[in-house]
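Let me begin by presenting the structure, written as structure tokens, before commenting on it.
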2 protein chains.
Amino acid sequence: MEEFKLFEAEYKFMEIIWELEPINSTELTKVCFEKLGWKKSTTYTMIRKLAGRGILKNENATVVALIKREEVQKHDSEVLLKRTFNNSLPIFLAAFLQDKKLSRQEAEEIKKMIEEATK
Amino acid sequence: MEEFKLFEAEYKFMEIIWELEPINSTELTKVCFEKLGWKKSTTYTMIRKLAGRGILKNENATVVALIKREEVQKHDSEVLLKRTFNNSLPIFLAAFLQDKKLSRQEAEEIKKMIEEATK
DNA sequence: AAGCTAAGTTTATTGCGATAAACCTTTTTT
DNA sequence: AAAAAAGGTTTATCGCAATAAACTTAGCTT
């Protein structure tokens with residue numbers, strides 16, 4: 001559970017990795033400098049911390065993610081729903097949709113997903 | 001926009017206020033001590049900070065919220081959707097519903113809401 | 001009038017996420 | 001063989017949210 005919690009900087013970093021993995025660690029320091037403005041040591045610090053938590057691994061200078069983006073997304077959704085909406089999808093939607101309009105296509109897509117998730 | 005962003009401690013604090021408002025400030029220090037373990041000065045510090053940001057007001061020792069819980073809920077939802085799901089409700093639902101089952105009643109409720117939010 | 005309580009403010013301290021300087025070792029290039 | 005680049009680690013620093021100690025002032029109570 002808790003293993004999927006990422007702080008802001010960690011999340012931005014992982015987004016880069018999910019996009020580019022597998023990626024050489026030196027190459028990664030360059031990308032992080034360009035996209036995040038990080039110094040080399042900052043990137044390596046991040047690699048080490050996330051490796052220690054099983055979020056990614058760095059072997060032979062090659063960095064790969066050990067958890068999927070979808071797992072983190074799911075975790076984040078659940079945290080928000082639990083913390084803020086008493087774990088209720090209808091309550092969430094009421095808040096989120098307030099004053100928003102969906103296209104016909106989005107609506108159909110969503111209804112289909114709801115239908116599929118119904119026992 | 002940014003005015004609705006609450007940090008964790010602030011959020012827990014506001015939950016108490018939304019539940020009990022209007023509430024006398026001394027009474028509030030007692031509740032915060034019981035529920036959050038905060039000392040009196042911590043509660044007053046929090047009151048002052050949030051008052052400065054227009055989140056609540058404290059007049060004649062009576063504290064009331066100036067923003068509604070629903071506004072914060074909406075803000076938090078939008079932040080998550082933007083940050084994590086490319087602002088797409090279907091993508092969010094795909095992640096959240098994965099391996100979850102909805103009751104028939106929930107499903108109907110949700111579909112109705114979707115329908116109402118469709119242009 | 002002396003003490004107590006309510007209702008705060010001023011000013012620190014703490015904890016931790018974010019960031020990086022400085023240093024080290026090994027491999028590659030010239 | 002000297003220099004440079006790759007691939008790191010050790011150890012700090014910084015910023016800021018979280019928390020609170022200590023002090024103040026005014027009203028109420030005995």
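Residues are referred to by chain and number: the chain letter is A, B, ... according to the order shown in the structure tokens, the number counts from 1 in that chain, and ligands are numbered separately from 1 in the order shown.
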Could you pull the residues within 10 Å of stretch 71-82 of chain B, counting only C-alpha atoms (C1' of nucleotides), minus those fewer than 6 positions along the same chain, as a list in words?
Gln73, Asp76, Ser77, Leu80, Leu81, Arg83, Thr84, Phe85, Ile91, Phe92, Leu93, Ala94, Ala95, Phe96, Leu97 and Gln98 of chain A; Met1, Glu2, Glu3, Phe4, Lys5, Leu6, Tyr11, Ser88, Leu89, Ile91 and Phe92 of chain B
Distance filter 8 Å, only C-alpha atoms (C1' of nucleotides), chain C against chain B, as a list in words
DA6, DA7 and DG8 of chain C
Restricting it to N, CA and C atoms (P, O5', C5', C4', C3', O3' and C1' of nucleotides), dump the selection as a PDB file, in the first residue's frame.
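Written out: result.pdb:
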```pdb
ATOM      1  P    DA C   6     -11.479  29.166  30.293  1.00  0.00           P
ATOM      2  O5'  DA C   6     -11.766  30.354  29.274  1.00  0.00           O
ATOM      3  C5'  DA C   6     -12.587  31.438  29.676  1.00  0.00           C
ATOM      4  C4'  DA C   6     -12.421  32.592  28.688  1.00  0.00           C
ATOM      5  C3'  DA C   6     -12.257  32.172  27.240  1.00  0.00           C
ATOM      6  O3'  DA C   6     -12.985  33.119  26.459  1.00  0.00           O
ATOM      7  C1'  DA C   6     -10.355  33.419  27.899  1.00  0.00           C
ATOM      8  P    DA C   7     -13.153  32.922  24.885  1.00  0.00           P
ATOM      9  O5'  DA C   7     -11.876  33.656  24.297  1.00  0.00           O
ATOM     10  C5'  DA C   7     -11.825  35.074  24.298  1.00  0.00           C
ATOM     11  C4'  DA C   7     -10.525  35.516  23.677  1.00  0.00           C
ATOM     12  C3'  DA C   7     -10.152  34.762  22.382  1.00  0.00           C
ATOM     13  O3'  DA C   7      -9.748  35.699  21.401  1.00  0.00           O
ATOM     14  C1'  DA C   7      -8.348  34.791  23.842  1.00  0.00           C
ATOM     15  P    DG C   8      -9.806  35.296  19.883  1.00  0.00           P
ATOM     16  O5'  DG C   8      -8.511  34.367  19.739  1.00  0.00           O
ATOM     17  C5'  DG C   8      -7.424  34.820  19.029  1.00  0.00           C
ATOM     18  C4'  DG C   8      -6.493  35.697  19.865  1.00  0.00           C
ATOM     19  C3'  DG C   8      -5.105  35.807  19.254  1.00  0.00           C
ATOM     20  O3'  DG C   8      -5.089  36.861  18.317  1.00  0.00           O
ATOM     21  C1'  DG C   8      -5.010  35.568  21.644  1.00  0.00           C
TER      22       DG C   8
END
```
Residues of chain D within 10 Å of chain B, counting only C-alpha atoms (C1' of nucleotides) - could you list those as number ranges by chain?
D: 17-21
DSSP on the backbone: which residues in stretch 26-101 of chain A end up as helix (DSSP H, G or I)? Give the answer as a PyMOL selection string.
chain A and resi 26-36+40-52+69-85+89-97
With C-alpha atoms retained, export the selected residues as a PDB file, in the first residue's frame.
```
ATOM      1  CA  THR A  26      24.049   9.137 -17.031  1.00  0.00           C
ATOM      2  CA  GLU A  27      21.520   9.812 -19.758  1.00  0.00           C
ATOM      3  CA  LEU A  28      18.902  10.177 -17.012  1.00  0.00           C
ATOM      4  CA  THR A  29      20.935  12.816 -15.211  1.00  0.00           C
ATOM      5  CA  LYS A  30      20.978  14.767 -18.458  1.00  0.00           C
ATOM      6  CA  VAL A  31      17.253  14.493 -19.024  1.00  0.00           C
ATOM      7  CA  CYS A  32      16.555  15.493 -15.418  1.00  0.00           C
ATOM      8  CA  PHE A  33      18.783  18.487 -15.807  1.00  0.00           C
ATOM      9  CA  GLU A  34      16.925  19.566 -18.917  1.00  0.00           C
ATOM     10  CA  LYS A  35      13.402  18.872 -17.747  1.00  0.00           C
ATOM     11  CA  LEU A  36      13.666  19.485 -14.014  1.00  0.00           C
ATOM     12  CA  LYS A  40      23.643  15.131 -11.302  1.00  0.00           C
ATOM     13  CA  SER A  41      23.853  14.356  -7.603  1.00  0.00           C
ATOM     14  CA  THR A  42      20.194  15.148  -7.135  1.00  0.00           C
ATOM     15  CA  THR A  43      19.255  12.594  -9.716  1.00  0.00           C
ATOM     16  CA  TYR A  44      21.470   9.950  -8.164  1.00  0.00           C
ATOM     17  CA  THR A  45      20.070  10.702  -4.730  1.00  0.00           C
ATOM     18  CA  MET A  46      16.608  10.186  -6.128  1.00  0.00           C
ATOM     19  CA  ILE A  47      17.599   6.949  -7.834  1.00  0.00           C
ATOM     20  CA  ARG A  48      19.023   5.587  -4.600  1.00  0.00           C
ATOM     21  CA  LYS A  49      16.024   6.542  -2.493  1.00  0.00           C
ATOM     22  CA  LEU A  50      13.497   5.075  -4.869  1.00  0.00           C
ATOM     23  CA  ALA A  51      15.577   1.952  -5.364  1.00  0.00           C
ATOM     24  CA  GLY A  52      15.610   1.485  -1.594  1.00  0.00           C
ATOM     25  CA  ARG A  69       2.358   3.923 -13.606  1.00  0.00           C
ATOM     26  CA  GLU A  70      -1.121   2.445 -13.414  1.00  0.00           C
ATOM     27  CA  GLU A  71      -0.464   1.121  -9.918  1.00  0.00           C
ATOM     28  CA  VAL A  72       0.490   4.562  -8.719  1.00  0.00           C
ATOM     29  CA  GLN A  73      -2.481   6.119 -10.459  1.00  0.00           C
ATOM     30  CA  LYS A  74      -4.783   3.635  -8.802  1.00  0.00           C
ATOM     31  CA  HIS A  75      -3.214   4.281  -5.426  1.00  0.00           C
ATOM     32  CA  ASP A  76      -3.564   8.035  -5.791  1.00  0.00           C
ATOM     33  CA  SER A  77      -7.192   7.705  -6.790  1.00  0.00           C
ATOM     34  CA  GLU A  78      -7.966   5.563  -3.819  1.00  0.00           C
ATOM     35  CA  VAL A  79      -6.226   7.913  -1.431  1.00  0.00           C
ATOM     36  CA  LEU A  80      -8.231  10.858  -2.735  1.00  0.00           C
ATOM     37  CA  LEU A  81     -11.503   8.981  -2.660  1.00  0.00           C
ATOM     38  CA  LYS A  82     -10.934   7.749   0.870  1.00  0.00           C
ATOM     39  CA  ARG A  83      -9.594  10.949   2.305  1.00  0.00           C
ATOM     40  CA  THR A  84     -11.908  13.380   0.665  1.00  0.00           C
ATOM     41  CA  PHE A  85     -15.004  11.549  -0.463  1.00  0.00           C
ATOM     42  CA  LEU A  89     -17.498   7.393  -6.281  1.00  0.00           C
ATOM     43  CA  PRO A  90     -20.871   9.183  -6.587  1.00  0.00           C
ATOM     44  CA  ILE A  91     -19.814  11.816  -4.075  1.00  0.00           C
ATOM     45  CA  PHE A  92     -16.577  12.288  -5.983  1.00  0.00           C
ATOM     46  CA  LEU A  93     -18.391  12.688  -9.253  1.00  0.00           C
ATOM     47  CA  ALA A  94     -20.842  15.145  -7.777  1.00  0.00           C
ATOM     48  CA  ALA A  95     -17.943  17.353  -6.736  1.00  0.00           C
ATOM     49  CA  PHE A  96     -15.942  16.889  -9.892  1.00  0.00           C
ATOM     50  CA  LEU A  97     -18.730  17.324 -12.386  1.00  0.00           C
TER      51      LEU A  97
END
```
Interatomic distance (Å, one decimal) between atom CA of B:Val63 and atom CA of B:Pro22
5.7 Å
Can you tell me, as a ChimeraX atom specification, which residues in chain A count as strand (DSSP E or B) by DSSP?
/A:23-24,56-59,62-65,102,118
For D:DA22: contacts at 10 Å, only C-alpha atoms (C1' of nucleotides), fewer than 6 positions along chain excluded, given as a PDB file with N, CA and C atoms (P, O5', C5', C4', C3', O3' and C1' of nucleotides), in the first residue's frame:
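out-v5.pdb was written with the following content:
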```
ATOM      1  P    DT C  10       1.933  39.763  16.783  1.00  0.00           P
ATOM      2  O5'  DT C  10       3.299  39.493  17.551  1.00  0.00           O
ATOM      3  C5'  DT C  10       3.293  39.176  18.925  1.00  0.00           C
ATOM      4  C4'  DT C  10       4.696  38.807  19.385  1.00  0.00           C
ATOM      5  C3'  DT C  10       5.769  38.775  18.291  1.00  0.00           C
ATOM      6  O3'  DT C  10       7.001  39.136  18.894  1.00  0.00           O
ATOM      7  C1'  DT C  10       5.443  36.587  19.116  1.00  0.00           C
ATOM      8  P    DT C  11       8.373  39.143  18.010  1.00  0.00           P
ATOM      9  O5'  DT C  11       8.947  37.678  18.298  1.00  0.00           O
ATOM     10  C5'  DT C  11       9.158  37.253  19.641  1.00  0.00           C
ATOM     11  C4'  DT C  11       9.586  35.815  19.648  1.00  0.00           C
ATOM     12  C3'  DT C  11      10.692  35.459  18.641  1.00  0.00           C
ATOM     13  O3'  DT C  11      11.677  34.706  19.316  1.00  0.00           O
ATOM     14  C1'  DT C  11       8.923  33.944  18.443  1.00  0.00           C
ATOM     15  P    DA C  12      13.189  34.783  18.681  1.00  0.00           P
ATOM     16  O5'  DA C  12      13.479  33.297  18.266  1.00  0.00           O
ATOM     17  C5'  DA C  12      12.449  32.406  18.032  1.00  0.00           C
ATOM     18  C4'  DA C  12      12.533  31.238  19.015  1.00  0.00           C
ATOM     19  C3'  DA C  12      13.477  30.148  18.556  1.00  0.00           C
ATOM     20  O3'  DA C  12      13.971  29.410  19.660  1.00  0.00           O
ATOM     21  C1'  DA C  12      11.202  29.475  18.271  1.00  0.00           C
TER      22       DA C  12
END
```
Would you mind listing what lies within 12 Å of D:DA4 as an NGL selection string, with only C-alpha atoms (C1' of nucleotides) counted and same-chain residues fewer than 5 positions away left out?
:C and (27-30)
Any idea what's packed within 12 Å of C:DC23, counting only C-alpha atoms (C1' of nucleotides), ignoring anything in its chain fewer than 4 positions away? Could you give it as a PyMOL selection string?
(chain A and resi 41) or (chain D and resi 8-11)
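From atom CA of A:Phe13 back to atom C1' of D:DA5, the distance works out to 24.3 Å.
You will find atom CA of A:Ile114 at 6.1 Å from atom CA of B:Ala107.
Proximity of B:Leu66, B:Leu102, B:Lys112, B:Ile23 to chain A, computed with only C-alpha atoms, is greatest for B:Leu102.
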